[in-house]
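Okay, query-v6.cif now, which holds mmCIF, C-alpha atoms (C1' of nucleotides):
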data_query
#
loop_
_atom_site.label_atom_id
_atom_site.label_comp_id
_atom_site.auth_asym_id
_atom_site.auth_seq_id
_atom_site.Cartn_x
_atom_site.Cartn_y
_atom_site.Cartn_z
CA MET A 27 76.22 -144.04 -104.78
CA LEU A 28 72.66 -144.44 -105.97
CA GLY A 29 70.06 -141.96 -107.03
CA ARG A 30 71.60 -141.84 -110.45
CA LEU A 31 69.46 -144.62 -111.86
CA ALA A 32 65.85 -144.47 -112.96
CA ASP A 33 63.17 -146.85 -111.73
CA GLY A 34 62.87 -149.80 -114.03
CA GLU A 35 66.23 -149.27 -115.65
CA ARG A 36 67.77 -152.53 -116.66
CA LEU A 37 71.09 -153.73 -115.32
CA ILE A 38 73.10 -156.02 -117.55
CA GLU A 39 75.80 -158.10 -115.91
CA ASP A 40 78.28 -158.06 -118.74
CA GLN A 41 78.08 -154.31 -119.29
CA ILE A 42 78.54 -153.56 -115.60
CA ALA A 43 81.42 -156.01 -115.30
CA ARG A 44 83.19 -154.36 -118.20
CA ARG A 45 82.57 -150.85 -116.92
CA LEU A 46 83.91 -151.72 -113.50
CA GLU A 47 86.73 -153.76 -115.00
CA THR A 48 85.88 -156.92 -113.19
CA SER A 49 84.23 -160.22 -114.06
CA ARG A 50 80.62 -161.32 -113.94
CA GLY A 51 81.05 -163.19 -110.68
CA PRO A 52 81.38 -160.19 -108.35
CA VAL A 53 78.77 -158.30 -110.35
CA ARG A 54 76.25 -161.06 -109.76
CA GLU A 55 77.04 -160.99 -106.06
CA ALA A 56 76.67 -157.24 -105.94
CA LEU A 57 73.30 -157.47 -107.64
CA ARG A 58 72.18 -159.99 -105.04
CA GLN A 59 73.30 -157.60 -102.35
CA LEU A 60 71.31 -154.80 -103.93
CA GLU A 61 68.34 -157.11 -104.14
CA HIS A 62 68.68 -157.85 -100.44
CA GLU A 63 68.70 -154.11 -99.84
CA GLY A 64 65.57 -153.70 -101.93
CA LEU A 65 67.10 -151.36 -104.49
CA VAL A 66 66.82 -153.86 -107.30
CA VAL A 67 64.53 -156.73 -108.30
CA SER A 68 65.55 -159.54 -110.55
CA TYR A 69 63.66 -162.21 -112.43
CA PRO A 70 65.13 -165.54 -113.59
CA TYR A 71 66.71 -165.34 -117.03
CA ARG A 72 65.46 -161.80 -117.36
CA GLY A 73 67.88 -159.87 -115.26
CA ALA A 74 67.66 -157.07 -112.76
CA VAL A 75 65.94 -153.70 -112.80
CA VAL A 76 66.09 -150.73 -110.45
CA LEU A 77 63.23 -150.63 -107.93
CA GLY A 78 61.57 -147.52 -106.53
CA VAL A 79 59.94 -147.09 -103.14
CA SER A 80 56.41 -145.87 -102.65
CA ASP A 81 55.39 -143.29 -100.09
CA GLU A 82 52.87 -145.74 -98.75
CA GLU A 83 55.32 -148.53 -98.10
CA VAL A 84 57.74 -146.18 -96.42
CA GLN A 85 55.04 -144.90 -94.07
CA HIS A 86 53.21 -148.11 -93.34
CA VAL A 87 55.92 -150.73 -93.61
CA LEU A 88 59.51 -149.51 -93.59
CA ILE A 89 59.26 -146.90 -90.84
CA PRO A 90 57.27 -149.16 -88.49
CA ILE A 91 59.79 -151.93 -89.03
CA ARG A 92 62.61 -149.55 -88.39
CA LEU A 93 60.95 -148.56 -85.15
CA THR A 94 60.65 -152.18 -84.10
CA LEU A 95 64.30 -152.84 -84.88
CA GLU A 96 65.59 -149.76 -83.14
CA ARG A 97 63.38 -150.10 -80.10
CA PHE A 98 64.78 -153.55 -79.51
CA SER A 99 68.38 -152.75 -80.33
CA PHE A 100 68.50 -149.58 -78.22
CA ARG A 101 67.01 -151.41 -75.27
CA LYS A 102 69.54 -154.20 -75.65
CA ALA A 103 72.46 -151.89 -76.26
CA LEU A 104 71.59 -149.87 -73.19
CA GLU A 105 72.42 -152.84 -70.98
CA ARG A 106 75.85 -153.18 -72.51
CA MET A 107 77.05 -149.66 -73.19
CA ARG A 108 80.08 -148.42 -71.31
CA GLU A 109 81.30 -144.88 -70.86
CA GLU A 110 83.65 -145.17 -73.80
CA ASP A 111 80.73 -146.22 -75.99
CA PHE A 112 78.83 -143.07 -75.12
CA ALA A 113 81.97 -141.16 -76.05
CA GLU A 114 81.91 -142.81 -79.44
CA LEU A 115 78.32 -141.68 -79.96
CA ALA A 116 79.20 -138.20 -78.76
CA LYS A 117 81.85 -138.07 -81.46
CA GLU A 118 79.25 -138.73 -84.13
CA VAL A 119 76.93 -136.12 -82.67
CA TRP A 120 79.77 -133.64 -82.79
CA ARG A 121 80.39 -134.53 -86.42
CA MET A 122 76.75 -133.93 -87.19
CA GLY A 123 77.08 -130.52 -85.65
CA GLU A 124 80.11 -129.77 -87.79
CA ALA A 125 78.27 -131.02 -90.86
CA ALA A 126 75.33 -128.78 -90.04
CA ARG A 127 77.59 -125.74 -89.73
CA ALA A 128 79.25 -126.59 -93.05
CA ASP A 129 75.88 -127.40 -94.62
CA ASP A 130 77.35 -130.74 -95.68
CA LEU A 131 74.45 -133.13 -96.25
CA MET A 132 76.65 -136.10 -97.08
CA ALA A 133 78.74 -135.82 -93.93
CA SER A 134 75.60 -135.49 -91.84
CA VAL A 135 74.01 -138.59 -93.33
CA GLU A 136 77.18 -140.59 -92.83
CA ALA A 137 77.50 -139.64 -89.19
CA ASP A 138 73.80 -140.42 -88.75
CA ILE A 139 74.32 -143.91 -90.17
CA ARG A 140 77.37 -144.52 -88.02
CA PHE A 141 75.48 -143.44 -84.90
CA HIS A 142 72.68 -145.92 -85.44
CA GLU A 143 74.90 -148.73 -86.60
CA PHE A 144 77.13 -148.31 -83.61
CA VAL A 145 74.17 -148.85 -81.30
CA LEU A 146 73.13 -151.81 -83.45
CA SER A 147 76.57 -153.34 -83.08
CA ARG A 148 76.49 -152.88 -79.33
CA SER A 149 73.13 -154.61 -79.10
CA GLY A 150 74.76 -157.86 -80.14
CA GLN A 151 71.54 -159.08 -81.76
CA GLN A 152 72.41 -160.76 -85.01
CA HIS A 153 69.00 -160.94 -86.66
CA THR A 154 68.16 -157.40 -85.70
CA THR A 155 71.43 -156.13 -87.11
CA GLN A 156 71.10 -158.15 -90.25
CA LEU A 157 67.53 -156.99 -90.91
CA TRP A 158 68.68 -153.41 -90.47
CA GLY A 159 70.82 -154.04 -93.54
CA ALA A 160 67.68 -154.86 -95.49
CA ILE A 161 65.56 -151.96 -94.25
CA ALA A 162 67.85 -148.97 -93.93
CA PRO A 163 68.96 -148.74 -97.57
CA ARG A 164 65.35 -148.56 -98.71
CA ILE A 165 64.54 -145.70 -96.39
CA ARG A 166 67.77 -143.99 -97.35
CA ALA A 167 66.96 -144.33 -101.03
CA TYR A 168 63.56 -142.78 -100.38
CA PHE A 169 65.11 -139.76 -98.73
CA PHE A 170 67.70 -139.35 -101.42
CA ARG A 171 64.99 -139.18 -104.02
CA TYR A 172 62.00 -137.52 -102.55
CA GLY A 173 63.32 -136.09 -99.34
CA ARG A 174 63.36 -132.38 -99.02
CA GLN A 175 66.67 -130.99 -97.93
CA SER A 176 66.81 -132.15 -94.35
CA ASP A 177 67.37 -129.70 -91.57
CA LEU A 178 70.89 -130.63 -90.60
CA ALA A 179 70.85 -128.67 -87.37
CA ARG A 180 67.75 -130.51 -86.22
CA ILE A 181 69.34 -133.87 -86.96
CA ALA A 182 72.35 -133.01 -84.83
CA ARG A 183 70.18 -131.75 -82.00
CA GLU A 184 67.94 -134.81 -81.99
CA HIS A 185 70.85 -137.19 -81.84
CA GLY A 186 72.26 -135.19 -78.98
CA GLU A 187 68.96 -135.62 -77.15
CA LEU A 188 68.92 -139.30 -77.96
CA LEU A 189 72.39 -139.69 -76.52
CA ALA A 190 71.44 -137.76 -73.40
CA ALA A 191 68.43 -140.01 -72.97
CA MET A 192 70.64 -143.09 -73.22
CA GLN A 193 72.96 -141.74 -70.58
CA THR A 194 70.08 -141.68 -68.11
CA ARG A 195 70.02 -145.46 -68.58
CA LYS A 196 66.25 -145.42 -68.27
CA PRO A 197 64.64 -147.49 -71.01
CA ALA A 198 61.38 -145.55 -70.95
CA VAL A 199 63.21 -142.26 -71.50
CA VAL A 200 65.20 -143.69 -74.39
CA MET A 201 62.12 -145.21 -76.02
CA ARG A 202 60.34 -141.88 -75.94
CA ALA A 203 63.28 -140.00 -77.45
CA LEU A 204 63.70 -142.68 -80.08
CA GLU A 205 60.08 -142.70 -81.15
CA GLU A 206 60.03 -138.97 -81.51
CA HIS A 207 63.26 -139.02 -83.45
CA ILE A 208 62.09 -141.58 -85.97
CA ALA A 209 58.56 -140.30 -86.32
CA VAL A 210 59.72 -136.75 -86.88
CA GLN A 211 62.15 -137.70 -89.61
CA VAL A 212 59.27 -138.41 -91.91
CA PRO A 213 56.83 -135.72 -92.95
CA PRO A 214 53.22 -136.90 -92.87
CA PRO A 215 52.06 -138.39 -96.19
CA SER A 216 50.07 -135.28 -97.04
CA ALA A 217 53.16 -133.08 -97.01
CA MET B 29 64.76 -178.99 -95.49
CA LEU B 30 66.46 -177.45 -92.52
CA GLY B 31 66.53 -178.38 -88.89
CA ARG B 32 69.15 -180.97 -89.58
CA LEU B 33 72.07 -178.66 -88.93
CA ALA B 34 73.41 -177.50 -85.61
CA ASP B 35 73.96 -173.85 -84.70
CA GLY B 36 77.45 -172.78 -85.55
CA GLU B 37 78.08 -175.66 -87.89
CA ARG B 38 80.40 -174.64 -90.68
CA LEU B 39 79.36 -174.85 -94.33
CA ILE B 40 82.13 -175.40 -96.84
CA GLU B 41 81.39 -174.46 -100.44
CA ASP B 42 83.44 -177.15 -102.10
CA GLN B 43 82.03 -179.96 -100.01
CA ILE B 44 78.44 -178.86 -100.59
CA ALA B 45 79.05 -178.44 -104.30
CA ARG B 46 80.41 -181.96 -104.53
CA ARG B 47 77.61 -183.44 -102.47
CA LEU B 48 74.97 -181.78 -104.61
CA GLU B 49 76.88 -182.50 -107.81
CA THR B 50 77.06 -178.92 -108.91
CA SER B 51 79.73 -176.23 -109.01
CA ARG B 52 80.72 -173.64 -106.45
CA GLY B 53 78.85 -170.86 -108.25
CA PRO B 54 75.31 -171.96 -107.44
CA VAL B 55 76.37 -172.98 -103.95
CA ARG B 56 77.66 -169.49 -103.27
CA GLU B 57 74.38 -168.06 -104.50
CA ALA B 58 72.41 -170.45 -102.33
CA LEU B 59 74.46 -169.48 -99.28
CA ARG B 60 73.71 -165.83 -99.98
CA GLN B 61 70.06 -166.69 -100.19
CA LEU B 62 70.23 -168.45 -96.83
CA GLU B 63 72.01 -165.44 -95.43
CA HIS B 64 69.21 -163.22 -96.69
CA GLU B 65 66.78 -165.55 -94.94
CA GLY B 66 68.79 -165.32 -91.74
CA LEU B 67 69.53 -169.01 -91.45
CA VAL B 68 73.24 -168.53 -92.00
CA VAL B 69 75.87 -165.88 -91.33
CA SER B 70 79.09 -165.53 -93.21
CA TYR B 71 82.30 -163.67 -92.53
CA PRO B 72 84.78 -162.58 -95.21
CA TYR B 73 87.35 -165.25 -96.00
CA ARG B 74 86.00 -167.35 -93.17
CA GLY B 75 82.89 -168.83 -94.64
CA ALA B 76 79.39 -169.47 -93.44
CA VAL B 77 77.95 -170.99 -90.29
CA VAL B 78 74.41 -171.94 -89.30
CA LEU B 79 72.64 -169.30 -87.21
CA GLY B 80 70.09 -169.92 -84.47
CA VAL B 81 67.19 -167.70 -83.43
CA SER B 82 66.62 -166.53 -79.91
CA ASP B 83 63.27 -166.53 -78.20
CA GLU B 84 63.70 -162.87 -77.49
CA GLU B 85 64.24 -161.81 -81.07
CA VAL B 86 61.29 -163.86 -82.24
CA GLN B 87 59.00 -162.23 -79.70
CA HIS B 88 60.25 -158.66 -79.86
CA VAL B 89 61.44 -158.34 -83.43
CA LEU B 90 60.34 -161.00 -85.86
CA ILE B 91 56.70 -161.35 -84.82
CA PRO B 92 56.11 -157.57 -84.65
CA ILE B 93 57.65 -157.19 -88.08
CA ARG B 94 55.53 -159.98 -89.39
CA LEU B 95 52.48 -158.21 -88.03
CA THR B 96 53.46 -154.99 -89.75
CA LEU B 97 53.99 -156.76 -93.06
CA GLU B 98 50.78 -158.72 -92.90
CA ARG B 99 48.65 -155.85 -91.71
CA PHE B 100 49.71 -153.85 -94.70
CA SER B 101 49.53 -156.65 -97.23
CA PHE B 102 46.12 -157.89 -96.11
CA ARG B 103 44.74 -154.38 -96.25
CA LYS B 104 46.15 -153.90 -99.74
CA ALA B 105 45.11 -157.32 -100.96
CA LEU B 106 41.59 -156.75 -99.74
CA GLU B 107 41.13 -154.00 -102.30
CA ARG B 108 42.15 -156.27 -105.13
CA MET B 109 40.76 -159.70 -104.28
CA ARG B 110 38.13 -161.19 -106.54
CA GLU B 111 35.77 -164.07 -105.90
CA GLU B 112 38.14 -166.52 -107.54
CA ASP B 113 40.91 -165.38 -105.23
CA PHE B 114 38.81 -166.20 -102.19
CA ALA B 115 38.23 -169.60 -103.76
CA GLU B 116 41.97 -170.10 -103.94
CA LEU B 117 42.30 -169.33 -100.25
CA ALA B 118 39.39 -171.61 -99.46
CA LYS B 119 41.26 -174.39 -101.20
CA GLU B 120 44.22 -173.95 -98.86
CA VAL B 121 41.95 -173.86 -95.83
CA TRP B 122 40.42 -177.12 -96.99
CA ARG B 123 43.89 -178.60 -97.34
CA MET B 124 44.71 -177.54 -93.82
CA GLY B 125 41.60 -179.35 -92.65
CA GLU B 126 42.68 -182.49 -94.50
CA ALA B 127 46.16 -182.20 -93.04
CA ALA B 128 44.70 -181.86 -89.56
CA ARG B 129 42.60 -184.98 -90.02
CA ALA B 130 45.63 -186.89 -91.29
CA ASP B 131 47.81 -185.38 -88.57
CA ASP B 132 50.24 -184.33 -91.30
CA LEU B 133 52.31 -181.44 -89.94
CA MET B 134 54.24 -180.89 -93.16
CA ALA B 135 51.16 -180.59 -95.32
CA SER B 136 49.61 -178.18 -92.85
CA VAL B 137 52.66 -175.95 -92.80
CA GLU B 138 52.84 -175.90 -96.57
CA ALA B 139 49.22 -174.92 -96.98
CA ASP B 140 49.72 -172.26 -94.31
CA ILE B 141 52.64 -170.80 -96.25
CA ARG B 142 50.73 -170.85 -99.52
CA PHE B 143 47.76 -169.11 -97.89
CA HIS B 144 49.84 -166.20 -96.64
CA GLU B 145 51.99 -165.93 -99.73
CA PHE B 146 48.94 -165.87 -101.94
CA VAL B 147 47.62 -162.85 -100.06
CA LEU B 148 51.10 -161.30 -100.30
CA SER B 149 51.12 -161.78 -104.04
CA ARG B 150 47.69 -160.19 -104.38
CA SER B 151 48.82 -157.15 -102.42
CA GLY B 152 51.15 -156.21 -105.25
CA GLN B 153 53.55 -154.52 -102.82
CA GLN B 154 57.06 -155.39 -103.85
CA HIS B 155 59.00 -154.37 -100.78
CA THR B 156 56.50 -155.95 -98.45
CA THR B 157 56.61 -159.20 -100.37
CA GLN B 158 60.36 -159.19 -100.58
CA LEU B 159 60.80 -158.51 -96.87
CA TRP B 160 58.46 -161.37 -96.13
CA GLY B 161 61.09 -163.56 -97.75
CA ALA B 162 63.60 -162.36 -95.16
CA ILE B 163 61.36 -162.70 -92.11
CA ALA B 164 59.25 -165.80 -92.63
CA PRO B 165 62.08 -168.35 -92.85
CA ARG B 166 63.43 -167.22 -89.50
CA ILE B 167 60.11 -167.63 -87.78
CA ARG B 168 59.62 -170.96 -89.50
CA ALA B 169 63.04 -172.16 -88.37
CA TYR B 170 62.15 -171.17 -84.83
CA PHE B 171 59.00 -173.24 -84.91
CA PHE B 172 60.73 -176.19 -86.45
CA ARG B 173 63.23 -176.25 -83.63
CA TYR B 174 61.51 -175.16 -80.51
CA GLY B 175 57.87 -175.23 -81.46
CA ARG B 176 55.74 -177.74 -79.69
CA GLN B 177 53.62 -179.84 -81.96
CA SER B 178 51.17 -177.30 -83.25
CA ASP B 179 47.49 -177.91 -82.99
CA LEU B 180 46.68 -178.56 -86.62
CA ALA B 181 42.94 -178.31 -86.15
CA ARG B 182 43.33 -174.86 -84.64
CA ILE B 183 45.45 -173.69 -87.54
CA ALA B 184 42.82 -174.77 -90.03
CA ARG B 185 40.04 -173.13 -88.03
CA GLU B 186 41.90 -169.84 -87.66
CA HIS B 187 42.59 -169.58 -91.34
CA GLY B 188 38.95 -170.28 -92.00
CA GLU B 189 38.05 -167.40 -89.74
CA LEU B 190 40.62 -165.19 -91.40
CA LEU B 191 39.14 -165.97 -94.79
CA ALA B 192 35.62 -165.30 -93.54
CA ALA B 193 36.80 -161.96 -92.18
CA MET B 194 38.28 -161.06 -95.54
CA GLN B 195 35.05 -161.88 -97.29
CA THR B 196 33.29 -159.23 -95.22
CA ARG B 197 35.62 -156.77 -96.98
CA LYS B 198 35.83 -154.73 -93.81
CA PRO B 199 39.43 -153.80 -93.00
CA ALA B 200 38.82 -153.49 -89.27
CA VAL B 201 37.38 -157.00 -89.09
CA VAL B 202 40.30 -158.42 -91.02
CA MET B 203 42.85 -156.61 -88.88
CA ARG B 204 41.34 -158.00 -85.72
CA ALA B 205 41.29 -161.56 -87.03
CA LEU B 206 44.84 -161.19 -88.28
CA GLU B 207 46.22 -159.87 -85.04
CA GLU B 208 44.62 -162.66 -83.07
CA HIS B 209 45.89 -165.23 -85.52
CA ILE B 210 49.48 -164.09 -85.39
CA ALA B 211 49.59 -163.36 -81.68
CA VAL B 212 48.08 -166.70 -80.81
CA GLN B 213 50.57 -168.64 -82.88
CA VAL B 214 53.24 -167.79 -80.41
CA PRO B 215 52.96 -168.87 -76.80
CA PRO B 216 53.79 -166.04 -74.40
CA PRO B 217 57.48 -165.91 -73.46
CA SER B 218 56.77 -167.36 -70.04
CA ALA B 219 55.24 -170.53 -71.45
"C1'" DT C 29 44.68 -157.14 -141.99
"C1'" DC C 30 45.42 -159.79 -138.05
"C1'" DC C 31 47.15 -163.72 -135.61
"C1'" DC C 32 50.37 -167.35 -134.85
"C1'" DG C 33 54.72 -170.05 -134.85
"C1'" DG C 34 59.67 -170.21 -135.74
"C1'" DG C 35 64.15 -168.63 -135.74
"C1'" DA C 36 68.00 -165.23 -134.23
"C1'" DG C 37 70.18 -162.64 -131.03
"C1'" DA C 38 70.87 -161.23 -126.46
"C1'" DT C 39 71.32 -162.33 -121.65
"C1'" DT C 40 71.35 -165.11 -117.70
"C1'" DG C 41 72.70 -169.56 -115.47
"C1'" DT C 42 76.19 -173.07 -114.96
"C1'" DC C 43 80.62 -175.25 -115.46
"C1'" DA C 44 85.62 -176.04 -114.75
"C1'" DA C 45 90.20 -174.89 -113.88
"C1'" DC C 46 93.13 -171.72 -112.01
"C1'" DC C 47 95.44 -168.16 -109.01
"C1'" DA C 48 95.40 -164.60 -105.34
"C1'" DT C 49 94.27 -163.61 -100.71
"C1'" DC C 50 93.21 -164.33 -96.13
"C1'" DG C 51 92.96 -166.80 -91.45
"C1'" DC C 52 94.29 -170.32 -88.71
"C1'" DT C 53 97.57 -173.56 -86.84
"C1'" DG C 54 101.56 -175.59 -85.34
"C1'" DA C 55 106.42 -175.77 -85.19
"C1'" DA C 56 110.72 -173.40 -84.78
"C1'" DT C 57 113.09 -169.58 -82.65
"C1'" DT C 58 114.29 -166.26 -79.19
"C1'" DA D 10 106.87 -169.02 -72.27
"C1'" DA D 11 105.91 -165.93 -75.71
"C1'" DT D 12 106.48 -164.76 -80.50
"C1'" DT D 13 107.07 -165.31 -85.29
"C1'" DC D 14 106.35 -167.30 -89.53
"C1'" DA D 15 105.63 -170.87 -93.11
"C1'" DG D 16 102.19 -174.03 -94.72
"C1'" DC D 17 97.55 -175.31 -95.48
"C1'" DG D 18 92.69 -174.91 -96.11
"C1'" DA D 19 89.11 -172.19 -97.65
"C1'" DT D 20 87.16 -168.18 -99.75
"C1'" DG D 21 87.21 -164.40 -103.36
"C1'" DG D 22 88.00 -163.42 -108.01
"C1'" DT D 23 89.25 -164.48 -113.09
"C1'" DT D 24 88.58 -166.52 -117.53
"C1'" DG D 25 86.35 -168.72 -121.33
"C1'" DA D 26 83.13 -171.59 -122.81
"C1'" DC D 27 78.63 -173.65 -123.11
"C1'" DA D 28 73.59 -174.49 -121.97
"C1'" DA D 29 69.08 -172.61 -121.03
"C1'" DT D 30 65.84 -169.15 -121.54
"C1'" DC D 31 63.71 -164.89 -122.83
"C1'" DT D 32 62.44 -161.27 -126.22
"C1'" DC D 33 61.66 -159.62 -130.53
"C1'" DC D 34 60.84 -159.69 -135.19
"C1'" DC D 35 59.48 -161.70 -139.36
"C1'" DG D 36 56.98 -164.39 -142.60
"C1'" DG D 37 53.06 -167.63 -143.53
"C1'" DG D 38 48.25 -168.68 -143.00
"C1'" DA D 39 43.35 -167.52 -141.89
#
Once you've parsed the file, please lay out its structure as structure tokens.
Amino acid sequence: MLGRLADGERLIEDQIARRLETSRGPVREALRQLEHEGLVVSYPYRGAVVLGVSDEEVQHVLIPIRLTLERFSFRKALERMREEDFAELAKEVWRMGEAARADDLMASVEADIRFHEFVLSRSGQQHTTQLWGAIAPRIRAYFFRYGRQSDLARIAREHGELLAAMQTRKPAVVMRALEEHIAVQVPPPSA
Amino acid sequence: MLGRLADGERLIEDQIARRLETSRGPVREALRQLEHEGLVVSYPYRGAVVLGVSDEEVQHVLIPIRLTLERFSFRKALERMREEDFAELAKEVWRMGEAARADDLMASVEADIRFHEFVLSRSGQQHTTQLWGAIAPRIRAYFFRYGRQSDLARIAREHGELLAAMQTRKPAVVMRALEEHIAVQVPPPSA
DNA sequence: TCCCGGGAGATTGTCAACCATCGCTGAATT
DNA sequence: AATTCAGCGATGGTTGACAATCTCCCGGGA
């Protein structure tokens, strides 16, 4: 959906409303949503502009926060997951495998998102889940822009390992798999 | 401003609009803002209710995220602070001292907020600053509800130490002072 | 020439009234 | 007793207008 707009580009409510054939009300709400997700900043009486993400903030802020959120939510979810929940995750892993074979980046990303959000939902932690909504889109935007073509096969494999770790039901094992998974997603700043 | 509403209490747009003598538009926007700040959750076609914060999420999610945000922003701000900026912080520390002497909790909290947000603003990191807006109100709400009467004198002293550490311009010194400051604010879960 | 203040136009913020849509509830029906 | 459905309350969206504010440009004065 995004990636088509340049940093700093201005977003004018009336124009957007007309283009989407709706009224200014929903457009204003959508802009607030985008602001919550960090893809846009707005200033009173001056409107909204598209916001970029710096390498530095991704490395030193967004990824560490993501780790905090996922560490907690995986630990919590682990206590509540049933067999059928693991099956749900397995389904997404399978889809990632299919996406990798078809070289379908979009399908892979979507399955990836569903995997993590399913765990989030099972954690039952409202603040954690809600903050995920503020963090994830920023990281996603970063990858869409600057990310090299991800290795789809690796993504599928790592999620398979993550799932296997969860099935051991041992928090320490899951934490280790999780930390590797998230750390590895991001190439070091020098790359 | 908050603390007067019970968890789960329902917020009805029309009623609020009438009470505040405004229209539903701004009320909707305000509710979205509160949702961003985690003080409220809303469900489609079912409205918004007040949301509490659990001990666990404060300890394992909110405080660690706060640490991540502040570590980064203090480090960044350090590179940009001038003498007059330190003077600004000194002013807030002085106010905290006054508040402690007058036993004025509100004034102390406000100076505390201004101190940290001033550093945030000097860091010039947009995502970090914006995420602060999503995290800080939750922690604040937690303290307003469950926090024992804070030791105002200690707050003033710690900020003085934090400022002194910044004036050394040595990142490692600042990081240590910061971590102590934030960790100490929160009594261990057992307490 | 350069600087400053005053419109003019564009855009956001707010208002009010209205209808569509959804979720819940309680009463009627099977 | 369980189910269904109409009514009601509240939210989501629409429209059109107006107020508040910003930006930009232009002309007058130093």
Could you please tell me, as a compact mmCIF listing (two decimals) with C-alpha atoms, in the coordinates of the input, which residues of chain A have an atom within 12 Å of chain C when using all atoms listed in the file?
# COMPACT_ATOMS: atom_id res chain seq x y z
CA ARG A 36 67.77 -152.53 -116.66
CA LEU A 37 71.09 -153.73 -115.32
CA ILE A 38 73.10 -156.02 -117.55
CA GLU A 39 75.80 -158.10 -115.91
CA ASP A 40 78.28 -158.06 -118.74
CA GLN A 41 78.08 -154.31 -119.29
CA ARG A 50 80.62 -161.32 -113.94
CA GLY A 51 81.05 -163.19 -110.68
CA ARG A 54 76.25 -161.06 -109.76
CA SER A 68 65.55 -159.54 -110.55
CA TYR A 69 63.66 -162.21 -112.43
CA PRO A 70 65.13 -165.54 -113.59
CA TYR A 71 66.71 -165.34 -117.03
CA ARG A 72 65.46 -161.80 -117.36
CA GLY A 73 67.88 -159.87 -115.26
CA ALA A 74 67.66 -157.07 -112.76
Can you build me a table of chain D residues sitting at most 12 Å from chain B, with the closest atom pair per residue and its distance in Å to one decimal, using all atoms listed in the file, sorted by chain and residue number, as JSON lines?
{"residue": "D:DG18", "atom": "C1'", "partner": "B:Arg74", "partner_atom": "CA", "distance": 10.5}
{"residue": "D:DA19", "atom": "C1'", "partner": "B:Arg74", "partner_atom": "CA", "distance": 7.3}
{"residue": "D:DT20", "atom": "C1'", "partner": "B:Tyr73", "partner_atom": "CA", "distance": 4.8}
{"residue": "D:DG21", "atom": "C1'", "partner": "B:Tyr73", "partner_atom": "CA", "distance": 7.4}
{"residue": "D:DG22", "atom": "C1'", "partner": "B:Gly53", "partner_atom": "CA", "distance": 11.8}
Where does chain A meet chain B within 8 Å, residue by residue, with the nearest atom pair and distance in Å to one decimal for each, counting all atoms listed in the file, listed by chain and rising number, as JSON lines?
{"residue": "A:Glu55", "atom": "CA", "partner": "B:Glu57", "partner_atom": "CA", "distance": 7.7}
{"residue": "A:Arg58", "atom": "CA", "partner": "B:Arg60", "partner_atom": "CA", "distance": 7.9}
{"residue": "A:His62", "atom": "CA", "partner": "B:His64", "partner_atom": "CA", "distance": 6.6}
{"residue": "A:Gly64", "atom": "CA", "partner": "B:His155", "partner_atom": "CA", "distance": 6.7}
{"residue": "A:Val79", "atom": "CA", "partner": "B:His155", "partner_atom": "CA", "distance": 7.7}
{"residue": "A:Glu83", "atom": "CA", "partner": "B:His155", "partner_atom": "CA", "distance": 7.4}
{"residue": "A:His86", "atom": "CA", "partner": "B:Phe100", "partner_atom": "CA", "distance": 6.9}
{"residue": "A:Val87", "atom": "CA", "partner": "B:Thr96", "partner_atom": "CA", "distance": 6.3}
{"residue": "A:Pro90", "atom": "CA", "partner": "B:Thr96", "partner_atom": "CA", "distance": 7.1}
{"residue": "A:Ile91", "atom": "CA", "partner": "B:Ile93", "partner_atom": "CA", "distance": 5.8}
{"residue": "A:Thr94", "atom": "CA", "partner": "B:Val89", "partner_atom": "CA", "distance": 6.2}
{"residue": "A:Leu95", "atom": "CA", "partner": "B:Val89", "partner_atom": "CA", "distance": 6.4}
{"residue": "A:Phe98", "atom": "CA", "partner": "B:His88", "partner_atom": "CA", "distance": 6.8}
{"residue": "A:Gln151", "atom": "CA", "partner": "B:Glu85", "partner_atom": "CA", "distance": 7.8}
{"residue": "A:His153", "atom": "CA", "partner": "B:Gly66", "partner_atom": "CA", "distance": 6.7}
{"residue": "A:Thr154", "atom": "CA", "partner": "B:Val89", "partner_atom": "CA", "distance": 7.2}
{"residue": "A:Gln156", "atom": "CA", "partner": "B:Gly66", "partner_atom": "CA", "distance": 7.7}
{"residue": "A:Leu157", "atom": "CA", "partner": "B:Ala162", "partner_atom": "CA", "distance": 7.9}
{"residue": "A:Ala160", "atom": "CA", "partner": "B:Leu159", "partner_atom": "CA", "distance": 7.9}
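Evaluated on this file, the PyMOL selection byres ((chain A and resi 104) around 9) matches Ser99, Phe100, Arg101, Lys102, Ala103, Glu105, Arg106, Met107, Arg108, Val145, Arg148, Ser149, Met192, Gln193, Arg195, Lys196, Pro197 and Val200 of chain A.
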Can you measure atom CA of A:Gly186 to atom CA of A:Trp120 for me? One decimal in Å is fine. 8.6 Å
Return as AutoDock Vina command-line options the box centre and box size in Å, one decimal, for an axis-aligned box around all listed atoms of stretch 22-26 of chain D padded by 8 Å per side.
--center_x 86.2 --center_y -167.5 --center_z -115.4 --size_x 22.1 --size_y 24.2 --size_z 30.8
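What separates atom CA of B:Gln87 from atom CA of B:Tyr170 is a distance of 10.8 Å.
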Evaluate the PyMOL selection byres ((chain A and resi 181) around 10) against this structure - the residues, as number ranges by chain, please. A: 119, 122-123, 126, 134-135, 138, 176-180, 182-187, 207, 211
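Here atom CA of A:Phe141 is placed at a distance of 28.2 Å from atom CA of A:Val76.
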